[in-house]
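Below: target_29.cif (mmCIF, C-alpha atoms)
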```
data_start
loop_
_atom_site.group_PDB
_atom_site.id
_atom_site.type_symbol
_atom_site.label_atom_id
_atom_site.label_comp_id
_atom_site.auth_asym_id
_atom_site.auth_seq_id
_atom_site.Cartn_x
_atom_site.Cartn_y
_atom_site.Cartn_z
ATOM 1 C CA MET A 8 -70.789 -3.262 27.035
ATOM 2 C CA HIS A 9 -69.630 -2.004 30.379
ATOM 3 C CA ARG A 10 -68.794 -3.990 33.517
ATOM 4 C CA ASN A 11 -72.392 -4.672 34.607
ATOM 5 C CA GLY A 12 -73.360 -5.974 31.183
ATOM 6 C CA HIS A 13 -70.300 -8.204 30.971
ATOM 7 C CA VAL A 14 -70.881 -9.627 34.443
ATOM 8 C CA GLY A 15 -74.482 -10.388 33.502
ATOM 9 C CA ALA A 16 -73.412 -12.022 30.232
ATOM 10 C CA SER A 17 -70.825 -14.158 32.037
ATOM 11 C CA LEU A 18 -73.431 -15.344 34.538
ATOM 12 C CA ALA A 19 -75.949 -16.130 31.793
ATOM 13 C CA VAL A 20 -73.423 -18.140 29.780
ATOM 14 C CA TYR A 21 -72.165 -19.874 32.947
ATOM 15 C CA ALA A 22 -75.687 -20.905 34.023
ATOM 16 C CA PRO A 23 -75.827 -24.304 32.237
ATOM 17 C CA PHE A 24 -72.367 -25.181 33.544
ATOM 18 C CA GLY A 25 -73.326 -23.896 36.979
ATOM 19 C CA PHE A 26 -76.323 -26.214 36.970
ATOM 20 C CA LEU A 27 -74.073 -29.200 36.200
ATOM 21 C CA VAL A 28 -71.417 -28.203 38.712
ATOM 22 C CA THR A 29 -74.022 -27.736 41.422
ATOM 23 C CA ALA A 30 -75.803 -30.993 40.592
ATOM 24 C CA LEU A 31 -72.541 -32.976 40.511
ATOM 25 C CA ALA A 32 -70.671 -31.260 43.359
ATOM 26 C CA SER A 33 -72.498 -28.762 45.565
ATOM 27 C CA ILE A 34 -74.165 -25.364 45.646
ATOM 28 C CA GLU A 35 -70.979 -23.950 47.178
ATOM 29 C CA VAL A 36 -68.876 -25.075 44.217
ATOM 30 C CA GLY A 37 -71.508 -23.675 41.833
ATOM 31 C CA LEU A 38 -71.452 -20.335 43.640
ATOM 32 C CA VAL A 39 -67.642 -20.218 43.549
ATOM 33 C CA GLY A 40 -67.820 -20.802 39.789
ATOM 34 C CA ALA A 41 -70.366 -18.004 39.381
ATOM 35 C CA ALA A 42 -68.192 -15.635 41.419
ATOM 36 C CA GLY A 43 -65.200 -16.681 39.345
ATOM 37 C CA VAL A 44 -66.759 -15.970 35.961
ATOM 38 C CA ALA A 45 -68.174 -12.694 37.245
ATOM 39 C CA SER A 46 -64.758 -11.600 38.516
ATOM 40 C CA LEU A 47 -63.059 -12.498 35.219
ATOM 41 C CA ALA A 48 -65.726 -10.988 32.960
ATOM 42 C CA MET A 49 -63.639 -7.913 32.150
ATOM 43 C CA VAL A 50 -60.360 -9.682 31.275
ATOM 44 C CA PRO A 51 -60.620 -8.972 27.517
ATOM 45 C CA ASP A 52 -60.909 -5.249 28.238
ATOM 46 C CA LEU A 53 -57.476 -5.234 29.861
ATOM 47 C CA ASP A 54 -56.351 -4.410 26.318
ATOM 48 C CA ILE A 55 -57.326 -0.817 27.098
ATOM 49 C CA ARG A 56 -54.448 -0.652 29.583
ATOM 50 C CA VAL A 57 -51.821 -2.350 27.414
ATOM 51 C CA PRO A 58 -49.817 -0.068 25.132
ATOM 52 C CA PHE A 59 -49.795 -0.979 21.445
ATOM 53 C CA VAL A 60 -52.757 -3.357 21.815
ATOM 54 C CA LYS A 61 -55.893 -2.291 19.963
ATOM 55 C CA HIS A 62 -59.160 -2.345 21.912
ATOM 56 C CA ARG A 63 -61.406 -5.173 20.733
ATOM 57 C CA GLY A 64 -58.409 -6.618 18.954
ATOM 58 C CA ILE A 65 -56.664 -9.871 19.853
ATOM 59 C CA THR A 66 -58.209 -10.087 23.343
ATOM 60 C CA HIS A 67 -61.655 -10.137 21.741
ATOM 61 C CA THR A 68 -61.103 -13.261 19.626
ATOM 62 C CA VAL A 69 -61.795 -16.961 19.916
ATOM 63 C CA TRP A 70 -58.014 -17.440 19.883
ATOM 64 C CA PHE A 71 -57.718 -15.505 23.135
ATOM 65 C CA ALA A 72 -60.638 -17.513 24.568
ATOM 66 C CA LEU A 73 -58.794 -20.723 23.670
ATOM 67 C CA LEU A 74 -55.567 -19.399 25.212
ATOM 68 C CA VAL A 75 -57.306 -18.502 28.476
ATOM 69 C CA GLY A 76 -59.097 -21.852 28.423
ATOM 70 C CA VAL A 77 -55.817 -23.713 27.983
ATOM 71 C CA ALA A 78 -54.196 -21.721 30.807
ATOM 72 C CA PHE A 79 -57.067 -22.554 33.185
ATOM 73 C CA GLY A 80 -57.044 -26.142 31.924
ATOM 74 C CA VAL A 81 -53.360 -26.522 32.793
ATOM 75 C CA VAL A 82 -54.012 -25.173 36.285
ATOM 76 C CA GLY A 83 -56.917 -27.608 36.631
ATOM 77 C CA LEU A 84 -54.736 -30.508 35.493
ATOM 78 C CA ALA A 85 -52.047 -29.596 38.002
ATOM 79 C CA LEU A 86 -54.547 -29.343 40.849
ATOM 80 C CA GLY A 87 -56.306 -32.537 39.849
ATOM 81 C CA PHE A 88 -53.150 -34.657 39.618
ATOM 82 C CA GLN A 89 -52.931 -34.514 43.387
ATOM 83 C CA SER A 90 -56.015 -36.755 43.413
ATOM 84 C CA GLY A 91 -55.182 -38.969 40.426
ATOM 85 C CA VAL A 92 -55.459 -39.028 36.660
ATOM 86 C CA ALA A 93 -59.271 -39.061 36.528
ATOM 87 C CA ALA A 94 -59.465 -36.011 38.771
ATOM 88 C CA ALA A 95 -56.780 -34.286 36.710
ATOM 89 C CA LEU A 96 -58.773 -34.795 33.515
ATOM 90 C CA LEU A 97 -61.973 -33.619 35.171
ATOM 91 C CA PHE A 98 -60.337 -30.542 36.695
ATOM 92 C CA GLY A 99 -58.444 -29.815 33.478
ATOM 93 C CA GLY A 100 -61.579 -29.990 31.363
ATOM 94 C CA ALA A 101 -63.537 -27.896 33.837
ATOM 95 C CA GLY A 102 -60.716 -25.341 33.960
ATOM 96 C CA PHE A 103 -60.634 -25.112 30.179
ATOM 97 C CA LEU A 104 -64.399 -24.599 29.975
ATOM 98 C CA PHE A 105 -64.357 -22.082 32.819
ATOM 99 C CA GLY A 106 -61.675 -19.941 31.156
ATOM 100 C CA ALA A 107 -62.934 -20.168 27.589
ATOM 101 C CA VAL A 108 -66.605 -19.633 28.445
ATOM 102 C CA THR A 109 -65.809 -16.536 30.483
ATOM 103 C CA ILE A 110 -64.024 -14.916 27.526
ATOM 104 C CA VAL A 111 -66.687 -16.023 25.026
ATOM 105 C CA SER A 112 -69.385 -14.428 27.193
ATOM 106 C CA HIS A 113 -67.515 -11.121 26.925
ATOM 107 C CA LEU A 114 -67.391 -11.455 23.138
ATOM 108 C CA LEU A 115 -71.101 -12.214 22.954
ATOM 109 C CA ALA A 116 -71.951 -9.119 24.988
ATOM 110 C CA ASP A 117 -69.745 -6.917 22.791
ATOM 111 C CA ALA A 118 -71.408 -8.356 19.686
ATOM 112 C CA LEU A 119 -74.641 -6.713 20.860
ATOM 113 C CA THR A 120 -73.127 -3.256 20.265
ATOM 114 C CA PRO A 121 -72.673 -1.325 16.996
ATOM 115 C CA MET A 122 -68.873 -1.629 17.242
ATOM 116 C CA GLY A 123 -69.201 -5.418 17.217
ATOM 117 C CA ILE A 124 -66.314 -7.869 17.283
ATOM 118 C CA ARG A 125 -63.995 -9.654 14.867
ATOM 119 C CA PRO A 126 -63.752 -12.973 16.723
ATOM 120 C CA TYR A 127 -61.655 -14.810 14.121
ATOM 121 C CA ALA A 128 -59.124 -12.055 13.363
ATOM 122 C CA PRO A 129 -56.533 -12.158 11.954
ATOM 123 C CA VAL A 130 -57.552 -15.358 10.113
ATOM 124 C CA TRP A 131 -60.942 -13.976 9.018
ATOM 125 C CA ASP A 132 -61.706 -10.291 9.352
ATOM 126 C CA THR A 133 -65.492 -10.581 9.340
ATOM 127 C CA GLU A 134 -67.180 -8.286 11.842
ATOM 128 C CA TYR A 135 -70.146 -9.536 13.835
ATOM 129 C CA THR A 136 -72.626 -7.150 15.403
ATOM 130 C CA LEU A 137 -76.295 -7.256 16.289
ATOM 131 C CA ASP A 138 -76.221 -3.448 16.704
ATOM 132 C CA LEU A 139 -78.911 -3.552 19.400
ATOM 133 C CA PHE A 140 -77.620 -0.855 21.759
ATOM 134 C CA THR A 141 -74.510 1.131 22.558
ATOM 135 C CA ALA A 142 -71.954 -0.207 25.009
ATOM 136 C CA ALA A 143 -72.707 2.670 27.393
ATOM 137 C CA ASN A 144 -76.484 2.119 27.459
ATOM 138 C CA PRO A 145 -77.288 1.825 31.197
ATOM 139 C CA LEU A 146 -80.620 0.084 30.612
ATOM 140 C CA ALA A 147 -78.944 -2.573 28.464
ATOM 141 C CA ASN A 148 -76.087 -3.060 30.934
ATOM 142 C CA TYR A 149 -78.287 -3.322 34.016
ATOM 143 C CA GLY A 150 -80.815 -5.414 32.105
ATOM 144 C CA LEU A 151 -78.115 -7.888 31.112
ATOM 145 C CA LEU A 152 -76.818 -7.932 34.688
ATOM 146 C CA GLY A 153 -80.295 -8.679 36.025
ATOM 147 C CA LEU A 154 -80.971 -11.319 33.387
ATOM 148 C CA GLY A 155 -77.653 -13.055 34.045
ATOM 149 C CA GLY A 156 -78.176 -12.960 37.787
ATOM 150 C CA VAL A 157 -81.653 -14.473 37.556
ATOM 151 C CA VAL A 158 -80.664 -17.152 35.022
ATOM 152 C CA ALA A 159 -77.616 -18.169 37.070
ATOM 153 C CA ALA A 160 -79.599 -18.220 40.320
ATOM 154 C CA VAL A 161 -82.317 -20.412 38.800
ATOM 155 C CA ALA A 162 -79.696 -22.764 37.351
ATOM 156 C CA LEU A 163 -77.877 -23.111 40.675
ATOM 157 C CA VAL A 164 -81.069 -23.663 42.666
ATOM 158 C CA ALA A 165 -82.257 -26.228 40.103
ATOM 159 C CA GLY A 166 -78.874 -27.959 40.238
ATOM 160 C CA ALA A 167 -79.052 -28.119 44.022
ATOM 161 C CA ALA A 168 -82.480 -29.752 43.794
ATOM 162 C CA VAL A 169 -81.195 -32.657 41.685
ATOM 163 C CA PRO A 170 -81.100 -35.763 43.881
ATOM 164 C CA VAL A 171 -77.651 -37.318 44.094
#
```
Could you write out this file's structure as structure tokens?
Amino acid sequence: MHRNGHVGASLAVYAPFGFLVTALASIEVGLVGAAGVASLAMVPDLDIRVPFVKHRGITHTVWFALLVGVAFGVVGLALGFQSGVAAALLFGGAGFLFGAVTIVSHLLADALTPMGIRPYAPVWDTEYTLDLFTAANPLANYGLLGLGGVVAAVALVAGAAVPV
């Protein structure tokens, strides 16, 4: 997929978490999360700019998703410790989910294309593809962007309507 498709996929995958974040914190925090996943949606494709790294290689695996999740989790822990252990655990867990889910959404979108992904490489080399449309298909990319935007918006509005 291209940028629009990946942003849409990240918003769609974030939607259930966005609902919870909004219901437990605020619509502003939910919107910041949505903006965050949208802005990080293309991180796995940075492999295109790194010499000697194959496109849809290591940055398109669950191992990379775990690594990004751990990195965001550590940042969350550090930020949360300023408010105590409970906050550190909450922020750390949220950071892990935020990072890992953003990368997984990218993998899911790429699995829709004929090229597919090998999410467990190098442990298992099985390729996964739904082969629904090419990565450059503008209708698919804009459709996924629209779908993700609507799903995320509904989730955030519904989360804001939950009485606290």
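Interatomic distance, CA of Leu151 in chain A to CA of Gly15 in chain A: 5.0 Å.
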Checklist outcome for this item: What separates CA of Leu163 in chain A and CA of Ser90 in chain A is a distance of 25.9 Å
Checklist entry - Exactly which residues make up the result of the PyMOL selection byres ((chain A and resi 74) around 12) on this file, given as a ChimeraX atom specification? => result /A:51,65-73,75-81,102-111
Item to check | Expected selection from the PyMOL selection byres ((chain A and resi 125-127) around 8), given as a VMD selection string | outcome: chain A and resid 63 to 64 67 to 70 114 123 to 124 128 to 135
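Residues in contact range of Glu35 in chain A, defined as at most 12 Å between all atoms listed in the file, with sequence neighbours fewer than 3 positions away removed, read Gly25, Phe26, Val28, Thr29, Ala30, Leu31, Ala32, Leu38, Val39, Gly40, Ala41, Ala42, Leu163, Val164, Gly166 and Ala167 of chain A.
Between CA of Phe24 in chain A and CA of Gly155 in chain A there is a distance of 13.2 Å.
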Item to check | Surrounding residues of range 141-148 of chain A excluding itself and chain neighbours under 2 positions, 10 Å, only C-alpha atoms, as number ranges by chain | outcome: A: 8-16, 116-123, 138-139, 150-154
Around all the atoms of range 147-156 of chain A listed in the file, draw an axis-aligned box and extend it by 6 Å on each of the six sides; I want its centre and edge lengths in Å to one decimal, as lines of an AutoDock Vina configuration file.
```
center_x = -78.5
center_y = -7.8
center_z = 33.1
size_x = 16.9
size_y = 22.5
size_z = 21.3
```
Item to check | Residues near Phe88 in chain A, cut-off 10 Å, only C-alpha atoms, skip fewer than 5 positions along chain, as a list in words | outcome: Gly83, Ala93, Ala94, Ala95, Leu96, Leu97, Phe98 and Gly99 of chain A
Those same residues - C-alpha atoms - I'd like them written as a PDB file, in the frame of the given file.
```
ATOM      1  CA  GLY A  83     -56.917 -27.608  36.631  1.00  0.00           C
ATOM      2  CA  ALA A  93     -59.271 -39.061  36.528  1.00  0.00           C
ATOM      3  CA  ALA A  94     -59.465 -36.011  38.771  1.00  0.00           C
ATOM      4  CA  ALA A  95     -56.780 -34.286  36.710  1.00  0.00           C
ATOM      5  CA  LEU A  96     -58.773 -34.795  33.515  1.00  0.00           C
ATOM      6  CA  LEU A  97     -61.973 -33.619  35.171  1.00  0.00           C
ATOM      7  CA  PHE A  98     -60.337 -30.542  36.695  1.00  0.00           C
ATOM      8  CA  GLY A  99     -58.444 -29.815  33.478  1.00  0.00           C
TER       9      GLY A  99
END
```
Checklist entry - With only C-alpha atoms as the basis for distance, which of A:Val60, A:Leu27, A:Ala48, A:Ala22 is at the shortest distance from His113 in chain A? => result A:Ala48
